[in-house]
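Have a look at my_file05.tsv; it's TSV, C-alpha atoms:
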chain	number	residue	atom	x	y	z
V	112	MET	CA	13.29	-3.69	-9.17
V	113	THR	CA	13.67	-7.44	-9.00
V	114	ASP	CA	10.77	-9.82	-9.57
V	115	LYS	CA	10.75	-10.65	-5.85
V	116	GLN	CA	10.57	-6.98	-4.87
V	117	ARG	CA	7.83	-6.33	-7.45
V	118	PHE	CA	5.86	-9.28	-6.05
V	119	LEU	CA	6.19	-7.95	-2.49
V	120	VAL	CA	5.03	-4.48	-3.58
V	121	TYR	CA	1.96	-5.85	-5.36
V	122	VAL	CA	1.01	-8.17	-2.50
V	123	LYS	CA	1.40	-5.31	-0.03
V	124	LEU	CA	-0.74	-2.98	-2.14
V	125	GLY	CA	-3.40	-5.65	-2.62
V	126	ASN	CA	-3.60	-6.21	1.14
V	127	MET	CA	-3.81	-2.50	1.81
V	128	ILE	CA	-6.55	-2.00	-0.80
V	129	ALA	CA	-8.55	-4.80	0.81
V	130	SER	CA	-8.03	-3.28	4.27
V	131	VAL	CA	-9.06	0.23	3.21
V	132	ARG	CA	-12.05	-1.19	1.34
V	133	LYS	CA	-13.23	-3.09	4.41
V	134	LYS	CA	-12.60	-0.30	6.94
V	135	ASN	CA	-14.33	2.36	4.85
V	136	ASP	CA	-16.97	0.16	3.17
V	137	VAL	CA	-16.00	1.43	-0.29
V	138	SER	CA	-15.42	-0.09	-3.73
V	139	ILE	CA	-12.03	-1.25	-4.92
V	140	GLY	CA	-11.74	1.85	-7.12
V	141	GLN	CA	-12.50	4.13	-4.19
V	142	ALA	CA	-9.97	2.33	-2.01
V	143	ILE	CA	-7.31	2.77	-4.70
V	144	SER	CA	-8.21	6.46	-4.93
V	145	ILE	CA	-7.77	6.83	-1.18
V	146	LEU	CA	-4.31	5.27	-1.41
V	147	LEU	CA	-3.39	7.37	-4.44
V	148	ASP	CA	-4.51	10.57	-2.70
V	149	LYS	CA	-2.22	9.81	0.21
V	150	GLU	CA	0.65	8.92	-2.16
V	151	ILE	CA	1.06	5.57	-0.41
V	152	ILE	CA	1.43	3.65	-3.65
V	153	GLN	CA	4.37	5.77	-4.72
V	154	GLU	CA	6.01	5.42	-1.30
V	155	ILE	CA	5.69	1.63	-1.32
V	156	GLU	CA	6.99	1.36	-4.89
V	157	ASP	CA	10.04	3.44	-3.92
V	158	LEU	CA	12.38	0.68	-2.75
V	159	GLU	CA	14.59	3.14	-0.90
V	160	THR	CA	11.85	3.75	1.70
V	161	GLY	CA	11.80	0.06	2.63
V	162	TYR	CA	8.02	0.22	3.04
V	163	TYR	CA	7.52	-2.76	0.76
V	164	LEU	CA	9.06	-4.89	3.52
V	165	GLU	CA	6.70	-3.65	6.25
V	166	GLY	CA	3.39	-5.20	7.27
V	167	SER	CA	0.20	-4.02	5.60
V	168	ALA	CA	-1.51	-3.24	8.91
V	169	TYR	CA	1.45	-1.13	10.01
V	170	LEU	CA	1.47	0.81	6.74
V	171	THR	CA	-2.28	1.33	6.83
V	172	GLU	CA	-1.93	2.77	10.33
V	173	ILE	CA	1.04	5.06	9.70
V	174	PHE	CA	-0.53	6.49	6.56
V	175	LYS	CA	-3.93	6.91	8.31
V	176	THR	CA	-5.94	5.44	5.45
V	177	SER	CA	-9.26	5.30	7.26

For the file at hand, write its structure as structure tokens.
Amino acid sequence: MTDKQRFLVYVKLGNMIASVRKKNDVSIGQAISILLDKEIIQEIEDLETGYYLEGSAYLTEIFKTS
């Protein structure tokens, strides 16, 4: 993974954590747990899926994180 790809992954995950936290009125830790339970983090970190290039809102919707 290049530095640019790593940056995109972390920005994407940060945005998704913030979105899940706001939608569900939960702590950061709980939001991360929600994403871990749905295996979203692993999917976004897998560069072959291309998810790291998609918008956070789109990913939040397709993975039904609320």

Separation of CA of Ile128 (chain V) from CA of Gln153 (chain V) in Å: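 Separation of CA of Gln153 (chain V) and CA of Ile128 (chain V): 14.0 Å.
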
Spatial neighbours of region 121-124 of chain V, max dist 10 Å, all atoms listed in the file, sep filter under 5 positions, as a list in words: Gln116, Ala129, Ser130, Ile143, Leu146, Ile151, Ile152, Ile155, Glu156, Tyr162, Tyr163, Leu164, Glu165, Gly166, Ser167, Ala168 and Leu170 of chain V

Among the residues V:Glu159, V:Leu119, V:Glu172, V:Met127, the one that comes closest to Leu147 (chain V) [using only C-alpha atoms]: V:Met127

Take the point (-7.3, 3.7, -1.6) as written in the file and pick out every residue within 12 Å of it, counting all atoms listed in the file; give the list as a PDB file with C-alpha atoms, in the frame of the given file.
ATOM      1  CA  LEU V 124      -0.740  -2.980  -2.140  1.00  0.00           C
ATOM      2  CA  GLY V 125      -3.400  -5.650  -2.620  1.00  0.00           C
ATOM      3  CA  ASN V 126      -3.600  -6.210   1.140  1.00  0.00           C
ATOM      4  CA  MET V 127      -3.810  -2.500   1.810  1.00  0.00           C
ATOM      5  CA  ILE V 128      -6.550  -2.000  -0.800  1.00  0.00           C
ATOM      6  CA  ALA V 129      -8.550  -4.800   0.810  1.00  0.00           C
ATOM      7  CA  SER V 130      -8.030  -3.280   4.270  1.00  0.00           C
ATOM      8  CA  VAL V 131      -9.060   0.230   3.210  1.00  0.00           C
ATOM      9  CA  ARG V 132     -12.050  -1.190   1.340  1.00  0.00           C
ATOM     10  CA  LYS V 133     -13.230  -3.090   4.410  1.00  0.00           C
ATOM     11  CA  LYS V 134     -12.600  -0.300   6.940  1.00  0.00           C
ATOM     12  CA  ASN V 135     -14.330   2.360   4.850  1.00  0.00           C
ATOM     13  CA  ASP V 136     -16.970   0.160   3.170  1.00  0.00           C
ATOM     14  CA  VAL V 137     -16.000   1.430  -0.290  1.00  0.00           C
ATOM     15  CA  SER V 138     -15.420  -0.090  -3.730  1.00  0.00           C
ATOM     16  CA  ILE V 139     -12.030  -1.250  -4.920  1.00  0.00           C
ATOM     17  CA  GLY V 140     -11.740   1.850  -7.120  1.00  0.00           C
ATOM     18  CA  GLN V 141     -12.500   4.130  -4.190  1.00  0.00           C
ATOM     19  CA  ALA V 142      -9.970   2.330  -2.010  1.00  0.00           C
ATOM     20  CA  ILE V 143      -7.310   2.770  -4.700  1.00  0.00           C
ATOM     21  CA  SER V 144      -8.210   6.460  -4.930  1.00  0.00           C
ATOM     22  CA  ILE V 145      -7.770   6.830  -1.180  1.00  0.00           C
ATOM     23  CA  LEU V 146      -4.310   5.270  -1.410  1.00  0.00           C
ATOM     24  CA  LEU V 147      -3.390   7.370  -4.440  1.00  0.00           C
ATOM     25  CA  ASP V 148      -4.510  10.570  -2.700  1.00  0.00           C
ATOM     26  CA  LYS V 149      -2.220   9.810   0.210  1.00  0.00           C
ATOM     27  CA  GLU V 150       0.650   8.920  -2.160  1.00  0.00           C
ATOM     28  CA  ILE V 151       1.060   5.570  -0.410  1.00  0.00           C
ATOM     29  CA  ILE V 152       1.430   3.650  -3.650  1.00  0.00           C
ATOM     30  CA  THR V 171      -2.280   1.330   6.830  1.00  0.00           C
ATOM     31  CA  PHE V 174      -0.530   6.490   6.560  1.00  0.00           C
ATOM     32  CA  LYS V 175      -3.930   6.910   8.310  1.00  0.00           C
ATOM     33  CA  THR V 176      -5.940   5.440   5.450  1.00  0.00           C
ATOM     34  CA  SER V 177      -9.260   5.300   7.260  1.00  0.00           C
TER      35      SER V 177
END

What would region 138-149 of chain V look like with all heavy atoms in place, written as a CSV table (one decimal), in the coordinates of the input?
chain,number,residue,atom,x,y,z
V,138,SER,N,-15.8,0.8,-2.6
V,138,SER,CA,-15.4,-0.1,-3.7
V,138,SER,C,-13.9,-0.2,-3.9
V,138,SER,O,-13.2,0.6,-3.3
V,138,SER,CB,-16.0,0.4,-5.0
V,138,SER,OG,-15.3,1.6,-5.4
V,139,ILE,N,-13.5,-1.1,-4.7
V,139,ILE,CA,-12.0,-1.2,-4.9
V,139,ILE,C,-11.5,0.0,-5.5
V,139,ILE,O,-10.4,0.5,-5.1
V,139,ILE,CB,-11.8,-2.4,-5.8
V,139,ILE,CG1,-12.1,-3.7,-5.1
V,139,ILE,CG2,-10.3,-2.4,-6.4
V,139,ILE,CD1,-12.0,-5.0,-6.0
V,140,GLY,N,-12.2,0.6,-6.5
V,140,GLY,CA,-11.7,1.8,-7.1
V,140,GLY,C,-11.6,3.0,-6.1
V,140,GLY,O,-10.7,3.8,-6.2
V,141,GLN,N,-12.6,3.1,-5.2
V,141,GLN,CA,-12.5,4.1,-4.2
V,141,GLN,C,-11.3,3.9,-3.2
V,141,GLN,O,-10.7,4.8,-2.8
V,141,GLN,CB,-13.8,4.2,-3.4
V,141,GLN,CG,-15.0,4.7,-4.3
V,141,GLN,CD,-16.3,4.6,-3.6
V,141,GLN,OE1,-16.6,3.5,-3.0
V,141,GLN,NE2,-17.1,5.6,-3.6
V,142,ALA,N,-11.1,2.6,-2.9
V,142,ALA,CA,-10.0,2.3,-2.0
V,142,ALA,C,-8.6,2.7,-2.7
V,142,ALA,O,-7.8,3.3,-2.0
V,142,ALA,CB,-10.0,0.8,-1.6
V,143,ILE,N,-8.5,2.4,-4.0
V,143,ILE,CA,-7.3,2.8,-4.7
V,143,ILE,C,-7.2,4.3,-4.7
V,143,ILE,O,-6.1,4.8,-4.5
V,143,ILE,CB,-7.3,2.2,-6.1
V,143,ILE,CG1,-7.2,0.7,-6.0
V,143,ILE,CG2,-6.2,2.8,-7.0
V,143,ILE,CD1,-7.4,-0.1,-7.3
V,144,SER,N,-8.3,5.0,-4.9
V,144,SER,CA,-8.2,6.5,-4.9
V,144,SER,C,-7.7,7.0,-3.6
V,144,SER,O,-7.0,8.0,-3.5
V,144,SER,CB,-9.6,7.0,-5.3
V,144,SER,OG,-9.9,6.8,-6.6
V,145,ILE,N,-8.2,6.4,-2.5
V,145,ILE,CA,-7.8,6.8,-1.2
V,145,ILE,C,-6.2,6.7,-1.1
V,145,ILE,O,-5.5,7.6,-0.6
V,145,ILE,CB,-8.5,6.0,-0.1
V,145,ILE,CG1,-10.0,6.5,0.0
V,145,ILE,CG2,-7.8,6.2,1.3
V,145,ILE,CD1,-10.8,5.6,0.8
V,146,LEU,N,-5.8,5.5,-1.5
V,146,LEU,CA,-4.3,5.3,-1.4
V,146,LEU,C,-3.5,6.2,-2.3
V,146,LEU,O,-2.5,6.7,-2.0
V,146,LEU,CB,-4.0,3.8,-1.7
V,146,LEU,CG,-4.6,2.8,-0.7
V,146,LEU,CD1,-4.3,1.4,-1.2
V,146,LEU,CD2,-4.0,3.0,0.7
V,147,LEU,N,-4.1,6.5,-3.5
V,147,LEU,CA,-3.4,7.4,-4.4
V,147,LEU,C,-3.4,8.8,-3.9
V,147,LEU,O,-2.3,9.5,-4.0
V,147,LEU,CB,-4.1,7.4,-5.8
V,147,LEU,CG,-3.8,6.2,-6.7
V,147,LEU,CD1,-4.7,6.2,-7.9
V,147,LEU,CD2,-2.4,6.2,-7.1
V,148,ASP,N,-4.5,9.2,-3.3
V,148,ASP,CA,-4.5,10.6,-2.7
V,148,ASP,C,-3.5,10.8,-1.6
V,148,ASP,O,-2.9,11.8,-1.4
V,148,ASP,CB,-5.9,10.9,-2.1
V,148,ASP,CG,-6.9,11.1,-3.2
V,148,ASP,OD1,-6.6,11.3,-4.4
V,148,ASP,OD2,-8.1,11.1,-2.9
V,149,LYS,N,-3.2,9.7,-0.9
V,149,LYS,CA,-2.2,9.8,0.2
V,149,LYS,C,-0.8,9.5,-0.3
V,149,LYS,O,0.1,9.4,0.5
V,149,LYS,CB,-2.6,8.9,1.4
V,149,LYS,CG,-3.9,9.3,2.0
V,149,LYS,CD,-4.3,8.5,3.2
V,149,LYS,CE,-5.5,9.0,3.9
V,149,LYS,NZ,-5.3,10.2,4.7
